[in-house]
>>> print(open('upload18.txt').read())   # compact mmCIF, C-alpha atoms
# COMPACT_ATOMS: atom_id res chain seq x y z
CA MET A 1 2.80 34.73 -20.54
CA ALA A 2 4.14 32.42 -23.25
CA SER A 3 7.63 32.86 -21.85
CA ARG A 4 6.50 31.87 -18.35
CA SER A 5 4.75 28.81 -19.76
CA ASP A 6 7.84 27.81 -21.72
CA THR A 7 10.01 28.20 -18.62
CA LYS A 8 7.68 26.03 -16.54
CA THR A 9 7.65 23.33 -19.23
CA ARG A 10 11.46 23.36 -19.50
CA ILE A 11 11.74 22.89 -15.75
CA LEU A 12 9.24 20.01 -15.77
CA ASP A 13 10.95 18.32 -18.73
CA ALA A 14 14.40 18.59 -17.17
CA ALA A 15 13.22 17.46 -13.73
CA GLU A 16 11.33 14.50 -15.17
CA LYS A 17 14.35 13.16 -17.02
CA LEU A 18 16.70 13.61 -14.08
CA PHE A 19 14.26 12.16 -11.55
CA ALA A 20 13.74 9.07 -13.73
CA GLU A 21 17.49 8.58 -14.27
CA ARG A 22 18.89 9.52 -10.86
CA GLY A 23 15.99 9.39 -8.45
CA PHE A 24 14.34 12.15 -6.46
CA SER A 25 16.79 12.27 -3.58
CA GLU A 26 19.90 12.33 -5.76
CA THR A 27 18.61 15.10 -8.05
CA SER A 28 19.28 18.58 -6.73
CA LEU A 29 17.45 21.72 -7.75
CA ARG A 30 20.79 23.10 -8.93
CA LEU A 31 21.12 20.17 -11.35
CA ILE A 32 17.58 20.71 -12.61
CA THR A 33 18.05 24.44 -13.16
CA SER A 34 21.31 23.80 -14.98
CA LYS A 35 19.70 21.31 -17.36
CA ALA A 36 16.63 23.52 -17.89
CA GLU A 37 18.85 26.60 -18.29
CA VAL A 38 16.86 28.64 -15.79
CA ASN A 39 17.67 30.14 -12.41
CA LEU A 40 16.56 28.88 -9.01
CA ALA A 41 14.12 31.77 -8.65
CA SER A 42 12.17 30.36 -11.60
CA VAL A 43 11.70 27.03 -9.84
CA ASN A 44 10.57 28.76 -6.67
CA TYR A 45 8.21 30.99 -8.63
CA HIS A 46 6.50 28.18 -10.54
CA PHE A 47 6.58 25.40 -7.92
CA GLY A 48 7.62 26.76 -4.53
CA SER A 49 9.64 23.72 -3.45
CA LYS A 50 11.27 20.52 -4.66
CA LYS A 51 8.38 18.46 -3.25
CA GLU A 52 5.86 20.47 -5.26
CA LEU A 53 8.02 20.06 -8.37
CA ILE A 54 8.09 16.27 -7.88
CA ARG A 55 4.31 16.23 -7.57
CA ALA A 56 3.89 18.39 -10.66
CA VAL A 57 6.09 16.04 -12.69
CA LEU A 58 3.94 13.05 -11.74
CA ALA A 59 0.68 14.98 -12.11
CA ARG A 60 1.34 15.45 -15.83
CA TYR A 61 0.92 11.69 -16.16
CA LEU A 62 -1.55 10.95 -13.38
CA ASP A 63 -4.02 13.56 -14.66
CA VAL A 64 -4.18 11.62 -17.92
CA PHE A 65 -3.80 8.05 -16.67
CA MET A 66 -6.09 7.93 -13.64
CA PRO A 67 -9.36 9.06 -15.29
CA SER A 68 -8.63 6.95 -18.37
CA ALA A 69 -7.92 3.88 -16.22
CA SER A 70 -11.14 4.41 -14.26
CA ASN A 71 -13.14 4.65 -17.47
CA ALA A 72 -11.56 1.46 -18.81
CA ILE A 73 -12.34 -0.45 -15.61
CA ASN A 74 -15.90 0.92 -15.55
CA GLU A 75 -16.48 -0.26 -19.10
CA LEU A 76 -15.05 -3.69 -18.31
CA ILE A 77 -17.09 -4.20 -15.15
CA GLY A 78 -20.15 -2.90 -16.98
CA ARG A 79 -19.76 -5.70 -19.52
CA ASP A 80 -18.65 -8.39 -17.07
CA LYS A 81 -19.15 -8.01 -13.32
CA GLN A 82 -17.07 -11.17 -12.80
CA ALA A 83 -14.14 -9.95 -14.90
CA SER A 84 -10.91 -11.87 -14.36
CA LEU A 85 -7.77 -10.32 -12.97
CA ASP A 86 -6.14 -10.82 -16.34
CA ALA A 87 -8.94 -8.79 -17.94
CA ILE A 88 -8.75 -6.07 -15.27
CA PHE A 89 -5.00 -5.63 -15.67
CA SER A 90 -5.33 -5.79 -19.46
CA SER A 91 -7.87 -2.97 -19.38
CA LEU A 92 -5.08 -0.68 -18.13
CA VAL A 93 -2.82 -1.27 -21.13
CA GLY A 94 -4.59 1.32 -23.28
CA PRO A 95 -4.47 4.05 -20.61
CA LEU A 96 -0.79 3.32 -19.99
CA LEU A 97 0.07 3.53 -23.67
CA GLU A 98 -1.78 6.86 -23.93
CA LEU A 99 1.02 8.32 -21.81
CA ASN A 100 3.29 8.09 -24.84
CA LYS A 101 1.24 11.01 -26.18
CA VAL A 102 2.10 13.07 -23.10
CA ARG A 103 5.81 12.58 -23.68
CA ASN A 104 7.98 10.42 -25.89
CA GLU A 105 8.35 7.08 -24.03
CA GLY A 106 5.91 8.45 -21.48
CA THR A 107 4.71 5.00 -20.38
CA SER A 108 8.16 3.86 -19.31
CA ILE A 109 9.04 7.21 -17.76
CA PHE A 110 5.84 7.30 -15.71
CA LEU A 111 6.37 3.81 -14.30
CA GLN A 112 10.00 4.60 -13.49
CA LEU A 113 8.96 7.77 -11.66
CA LEU A 114 6.27 5.88 -9.77
CA GLY A 115 8.79 3.25 -8.80
CA ARG A 116 11.23 5.90 -7.61
CA GLY A 117 8.54 7.29 -5.34
CA TYR A 118 8.11 3.94 -3.61
CA ILE A 119 11.76 2.89 -3.55
CA GLU A 120 12.90 6.18 -2.03
CA SER A 121 10.10 6.34 0.55
CA GLN A 122 8.73 9.63 -0.73
CA GLY A 123 5.91 9.77 1.82
CA HIS A 124 4.58 13.05 0.49
CA LEU A 125 3.92 11.35 -2.85
CA ARG A 126 1.72 8.72 -1.22
CA TRP A 127 -0.25 11.55 0.41
CA PHE A 128 -0.46 13.43 -2.88
CA ILE A 129 -1.63 10.42 -4.89
CA THR A 130 -4.18 9.21 -2.35
CA THR A 131 -5.51 12.74 -1.79
CA HIS A 132 -5.85 13.75 -5.44
CA TYR A 133 -6.51 10.38 -7.08
CA GLY A 134 -7.94 8.34 -4.22
CA LYS A 135 -11.29 7.58 -5.86
CA HIS A 136 -9.52 6.11 -8.89
CA LEU A 137 -7.26 3.97 -6.71
CA ASP A 138 -10.23 2.76 -4.66
CA GLN A 139 -12.07 1.75 -7.81
CA PHE A 140 -9.09 -0.28 -9.01
CA VAL A 141 -8.63 -2.01 -5.65
CA GLN A 142 -12.36 -2.80 -5.47
CA ALA A 143 -12.30 -4.30 -8.95
CA VAL A 144 -9.26 -6.46 -8.14
CA SER A 145 -10.65 -7.49 -4.76
CA GLY A 146 -13.98 -8.39 -6.35
CA SER A 147 -12.18 -10.68 -8.77
CA ALA A 148 -10.18 -12.32 -5.97
CA PRO A 149 -12.56 -12.35 -2.94
CA HIS A 150 -10.57 -15.16 -1.30
CA ILE A 151 -7.68 -12.76 -0.65
CA PRO A 152 -8.01 -10.77 2.63
CA PRO A 153 -7.52 -6.97 2.45
CA ALA A 154 -4.18 -6.99 4.29
CA GLU A 155 -2.80 -9.66 1.94
CA MET A 156 -4.18 -7.82 -1.07
CA PHE A 157 -2.26 -4.71 0.05
CA TRP A 158 1.00 -6.65 -0.15
CA ARG A 159 0.19 -8.38 -3.40
CA LEU A 160 -0.71 -5.16 -5.18
CA HIS A 161 2.56 -3.61 -4.07
CA PHE A 162 4.43 -6.70 -5.26
CA THR A 163 2.60 -6.23 -8.55
CA LEU A 164 3.67 -2.61 -8.77
CA GLY A 165 7.25 -3.63 -8.06
CA THR A 166 7.11 -6.22 -10.83
CA ILE A 167 5.89 -3.81 -13.49
CA VAL A 168 8.27 -1.06 -12.39
CA PHE A 169 11.29 -3.37 -12.53
CA THR A 170 10.19 -4.75 -15.88
CA MET A 171 9.80 -1.28 -17.40
CA ALA A 172 13.07 -0.05 -15.92
CA SER A 173 14.87 -3.04 -17.47
CA ALA A 174 12.79 -3.23 -20.66
CA ASP A 175 15.57 -2.15 -23.05
CA ALA A 176 18.04 -4.71 -21.72
CA LEU A 177 15.41 -7.46 -21.56
CA ASN A 178 14.30 -6.79 -25.14
CA GLU A 179 17.90 -6.96 -26.35
CA ILE A 180 18.39 -10.32 -24.62
CA ALA A 181 15.08 -11.67 -25.93
CA GLU A 182 16.00 -10.62 -29.47
CA ALA A 183 19.51 -12.05 -29.29
CA ASP A 184 18.59 -15.34 -27.60
CA PHE A 185 15.07 -16.04 -28.89
CA GLY A 186 14.61 -13.88 -31.98
CA GLU A 187 11.78 -11.92 -30.36
CA HIS A 188 11.01 -8.34 -31.35
CA ASN A 189 8.97 -6.67 -28.60
CA ASP A 190 7.65 -3.15 -28.21
CA ILE A 191 6.50 -1.73 -24.88
CA GLU A 192 2.95 -2.98 -25.34
CA ALA A 193 4.19 -6.52 -25.92
CA VAL A 194 6.31 -6.36 -22.75
CA ILE A 195 3.37 -5.12 -20.66
CA ARG A 196 1.11 -7.85 -22.02
CA LYS A 197 3.74 -10.48 -21.25
CA VAL A 198 3.86 -9.54 -17.59
CA ILE A 199 0.06 -9.35 -17.06
CA PRO A 200 -0.62 -13.13 -16.74
CA TYR A 201 2.26 -13.41 -14.27
CA MET A 202 0.90 -10.58 -12.12
CA ALA A 203 -2.69 -11.80 -12.29
CA ALA A 204 -1.65 -15.30 -11.22
CA GLY A 205 0.44 -13.92 -8.35
CA VAL A 206 -2.38 -11.75 -6.99
CA ALA A 207 -4.93 -14.57 -7.12
CA VAL A 208 -2.88 -17.51 -5.85
CA PRO A 209 -4.61 -19.02 -2.74
CA LEU A 210 -3.16 -18.31 0.68
CA VAL A 211 -0.99 -20.98 2.25
CA SER A 212 -1.32 -21.35 6.00
CA GLN A 213 1.80 -21.16 8.19
CA ALA A 214 1.14 -24.71 9.33
CA GLU A 215 1.56 -25.93 5.77
>>> encode(input="upload18.txt", output="structure tokens")
Amino acid sequence: MASRSDTKTRILDAAEKLFAERGFSETSLRLITSKAEVNLASVNYHFGSKKELIRAVLARYLDVFMPSASNAINELIGRDKQASLDAIFSSLVGPLLELNKVRNEGTSIFLQLLGRGYIESQGHLRWFITTHYGKHLDQFVQAVSGSAPHIPPAEMFWRLHFTLGTIVFTMASADALNEIAEADFGEHNDIEAVIRKVIPYMAAGVAVPLVSQAE
């Protein structure tokens, strides 16, 4: 049993790293099995298909992040029903940083994987996330919408996806950005500092009033 568990973990670890670096579409099962030092039959036995393997890789993070994020938002709204967008986004910092306990650099890896799912139009991932974590997503959207009631639902859809794109790009480029910030401005930032820097920008972007086409 321990051997089977170890094999499954090796596959997940190898797939996660390759998916984050190369993307889902460009990572073959042959490449994953080579890195994990297992045969293809092992992947089929534990996961059944590449799609199921992709979902399992993300589930390791989502199973930790989603409930923790919901609890953080619940606590915030419980204290302040009119919580600002800055406060709502800031409440997710702790849950995101907890992912570093799942894997080394787990926060960055998770956001890169999430970004890959959207960039590469992995439709099955949208189904998987909304089916298994829908109540957590709904809670987040309701909290954000409640803080910005002047933004219509269709516009909020776009703005939240722009927000996701912003954080994904920032995390994917964090190492290079930190090197530039240190060289040019003498700043020394860890991942938490980077996330907190981007929150006011995202909050302002989500809440900015609509401009009519006539204007």
>>> residues_around(input="upload18.txt", residues="range 48-57 of chain A", least_positions_apart="6", cutoff="12 Å", atoms="only C-alpha atoms", output="PDB file with C-alpha atoms, in the coordinates of the input")
ATOM      1  CA  LYS A   8       7.680  26.030 -16.540  1.00  0.00           C
ATOM      2  CA  THR A   9       7.650  23.330 -19.230  1.00  0.00           C
ATOM      3  CA  ARG A  10      11.460  23.360 -19.500  1.00  0.00           C
ATOM      4  CA  ILE A  11      11.740  22.890 -15.750  1.00  0.00           C
ATOM      5  CA  LEU A  12       9.240  20.010 -15.770  1.00  0.00           C
ATOM      6  CA  ASP A  13      10.950  18.320 -18.730  1.00  0.00           C
ATOM      7  CA  ALA A  14      14.400  18.590 -17.170  1.00  0.00           C
ATOM      8  CA  ALA A  15      13.220  17.460 -13.730  1.00  0.00           C
ATOM      9  CA  GLU A  16      11.330  14.500 -15.170  1.00  0.00           C
ATOM     10  CA  LYS A  17      14.350  13.160 -17.020  1.00  0.00           C
ATOM     11  CA  LEU A  18      16.700  13.610 -14.080  1.00  0.00           C
ATOM     12  CA  PHE A  19      14.260  12.160 -11.550  1.00  0.00           C
ATOM     13  CA  ALA A  20      13.740   9.070 -13.730  1.00  0.00           C
ATOM     14  CA  GLY A  23      15.990   9.390  -8.450  1.00  0.00           C
ATOM     15  CA  PHE A  24      14.340  12.150  -6.460  1.00  0.00           C
ATOM     16  CA  SER A  25      16.790  12.270  -3.580  1.00  0.00           C
ATOM     17  CA  GLU A  26      19.900  12.330  -5.760  1.00  0.00           C
ATOM     18  CA  THR A  27      18.610  15.100  -8.050  1.00  0.00           C
ATOM     19  CA  SER A  28      19.280  18.580  -6.730  1.00  0.00           C
ATOM     20  CA  LEU A  29      17.450  21.720  -7.750  1.00  0.00           C
ATOM     21  CA  ARG A  30      20.790  23.100  -8.930  1.00  0.00           C
ATOM     22  CA  LEU A  31      21.120  20.170 -11.350  1.00  0.00           C
ATOM     23  CA  ILE A  32      17.580  20.710 -12.610  1.00  0.00           C
ATOM     24  CA  THR A  33      18.050  24.440 -13.160  1.00  0.00           C
ATOM     25  CA  LEU A  40      16.560  28.880  -9.010  1.00  0.00           C
ATOM     26  CA  ALA A  41      14.120  31.770  -8.650  1.00  0.00           C
ATOM     27  CA  SER A  42      12.170  30.360 -11.600  1.00  0.00           C
ATOM     28  CA  ASP A  63      -4.020  13.560 -14.660  1.00  0.00           C
ATOM     29  CA  VAL A 102       2.100  13.070 -23.100  1.00  0.00           C
ATOM     30  CA  ARG A 103       5.810  12.580 -23.680  1.00  0.00           C
ATOM     31  CA  GLY A 106       5.910   8.450 -21.480  1.00  0.00           C
ATOM     32  CA  ILE A 109       9.040   7.210 -17.760  1.00  0.00           C
ATOM     33  CA  PHE A 110       5.840   7.300 -15.710  1.00  0.00           C
ATOM     34  CA  LEU A 113       8.960   7.770 -11.660  1.00  0.00           C
ATOM     35  CA  LEU A 114       6.270   5.880  -9.770  1.00  0.00           C
ATOM     36  CA  ARG A 116      11.230   5.900  -7.610  1.00  0.00           C
ATOM     37  CA  GLY A 117       8.540   7.290  -5.340  1.00  0.00           C
ATOM     38  CA  GLN A 122       8.730   9.630  -0.730  1.00  0.00           C
ATOM     39  CA  GLY A 123       5.910   9.770   1.820  1.00  0.00           C
ATOM     40  CA  HIS A 124       4.580  13.050   0.490  1.00  0.00           C
ATOM     41  CA  LEU A 125       3.920  11.350  -2.850  1.00  0.00           C
ATOM     42  CA  ARG A 126       1.720   8.720  -1.220  1.00  0.00           C
ATOM     43  CA  TRP A 127      -0.250  11.550   0.410  1.00  0.00           C
ATOM     44  CA  PHE A 128      -0.460  13.430  -2.880  1.00  0.00           C
ATOM     45  CA  ILE A 129      -1.630  10.420  -4.890  1.00  0.00           C
ATOM     46  CA  THR A 131      -5.510  12.740  -1.790  1.00  0.00           C
ATOM     47  CA  HIS A 132      -5.850  13.750  -5.440  1.00  0.00           C
TER      48      HIS A 132
END
>>> residues_around(input="upload18.txt", residues="Glu75 in chain A", least_positions_apart="6", cutoff="12 Å", atoms="all atoms listed in the file", output="PyMOL selection string")
chain A and resi 68-69+81+83+87-88+91-92+143
>>> residues_near_point(input="upload18.txt", point="(-8.5, 0.6, -9.2)", cutoff="10 Å", atoms="only C-alpha atoms", output="mmCIF file with C-alpha atoms, in the frame of the given file")
data_model
loop_
_atom_site.group_PDB
_atom_site.id
_atom_site.type_symbol
_atom_site.label_atom_id
_atom_site.label_comp_id
_atom_site.auth_asym_id
_atom_site.auth_seq_id
_atom_site.Cartn_x
_atom_site.Cartn_y
_atom_site.Cartn_z
ATOM 1 C CA MET A 66 -6.090 7.930 -13.640
ATOM 2 C CA ALA A 69 -7.920 3.880 -16.220
ATOM 3 C CA SER A 70 -11.140 4.410 -14.260
ATOM 4 C CA ILE A 73 -12.340 -0.450 -15.610
ATOM 5 C CA ASN A 74 -15.900 0.920 -15.550
ATOM 6 C CA ILE A 88 -8.750 -6.070 -15.270
ATOM 7 C CA PHE A 89 -5.000 -5.630 -15.670
ATOM 8 C CA LEU A 92 -5.080 -0.680 -18.130
ATOM 9 C CA GLY A 134 -7.940 8.340 -4.220
ATOM 10 C CA LYS A 135 -11.290 7.580 -5.860
ATOM 11 C CA HIS A 136 -9.520 6.110 -8.890
ATOM 12 C CA LEU A 137 -7.260 3.970 -6.710
ATOM 13 C CA ASP A 138 -10.230 2.760 -4.660
ATOM 14 C CA GLN A 139 -12.070 1.750 -7.810
ATOM 15 C CA PHE A 140 -9.090 -0.280 -9.010
ATOM 16 C CA VAL A 141 -8.630 -2.010 -5.650
ATOM 17 C CA GLN A 142 -12.360 -2.800 -5.470
ATOM 18 C CA ALA A 143 -12.300 -4.300 -8.950
ATOM 19 C CA VAL A 144 -9.260 -6.460 -8.140
ATOM 20 C CA SER A 145 -10.650 -7.490 -4.760
#
>>> residues_around(input="upload18.txt", residues="Ala204 in chain A", least_positions_apart="2", cutoff="12 Å", atoms="only C-alpha atoms", output="mmCIF file with C-alpha atoms, in the coordinates of the input")
data_model
loop_
_atom_site.group_PDB
_atom_site.id
_atom_site.type_symbol
_atom_site.label_atom_id
_atom_site.label_comp_id
_atom_site.auth_asym_id
_atom_site.auth_seq_id
_atom_site.Cartn_x
_atom_site.Cartn_y
_atom_site.Cartn_z
ATOM 1 C CA SER A 84 -10.910 -11.870 -14.360
ATOM 2 C CA LEU A 85 -7.770 -10.320 -12.970
ATOM 3 C CA ASP A 86 -6.140 -10.820 -16.340
ATOM 4 C CA ALA A 87 -8.940 -8.790 -17.940
ATOM 5 C CA PHE A 89 -5.000 -5.630 -15.670
ATOM 6 C CA SER A 147 -12.180 -10.680 -8.770
ATOM 7 C CA ALA A 148 -10.180 -12.320 -5.970
ATOM 8 C CA ARG A 159 0.190 -8.380 -3.400
ATOM 9 C CA LEU A 160 -0.710 -5.160 -5.180
ATOM 10 C CA THR A 163 2.600 -6.230 -8.550
ATOM 11 C CA VAL A 198 3.860 -9.540 -17.590
ATOM 12 C CA ILE A 199 0.060 -9.350 -17.060
ATOM 13 C CA PRO A 200 -0.620 -13.130 -16.740
ATOM 14 C CA TYR A 201 2.260 -13.410 -14.270
ATOM 15 C CA MET A 202 0.900 -10.580 -12.120
ATOM 16 C CA VAL A 206 -2.380 -11.750 -6.990
ATOM 17 C CA ALA A 207 -4.930 -14.570 -7.120
ATOM 18 C CA VAL A 208 -2.880 -17.510 -5.850
ATOM 19 C CA PRO A 209 -4.610 -19.020 -2.740
#
>>> atom_distance(input="upload18.txt", atom1="CA of Ala193 in chain A", atom2="CA of Trp158 in chain A")
26.0 Å
>>> axis_aligned_box(input="upload18.txt", around="range 193-205 of chain A", padding_each_side="4 Å", output="lines of an AutoDock Vina configuration file")
center_x = 1.8
center_y = -10.2
center_z = -17.1
size_x = 17.0
size_y = 18.2
size_z = 25.6
>>> atom_distance(input="upload18.txt", atom1="CA of Ser173 in chain A", atom2="CA of Leu111 in chain A")
11.4 Å
>>> closest_residue(input="upload18.txt", among="A:Pro67, A:Gly94, A:Pro152, A:Gly165", to="Leu210 in chain A", atoms="all atoms listed in the file")
A:Pro152
>>> atom_distance(input="upload18.txt", atom1="CA of Ile119 in chain A", atom2="CA of Ala72 in chain A")
27.9 Å
>>> residues_near_point(input="upload18.txt", point="(1.5, 6.0, -26.4)", cutoff="12 Å", atoms="only C-alpha atoms", output="list in words")
Tyr61, Val64, Phe65, Val93, Gly94, Pro95, Leu96, Leu97, Glu98, Leu99, Asn100, Lys101, Val102, Arg103, Asn104, Glu105, Gly106, Thr107, Ser108, Ile109, Phe110, Asp190, Ile191 and Glu192 of chain A
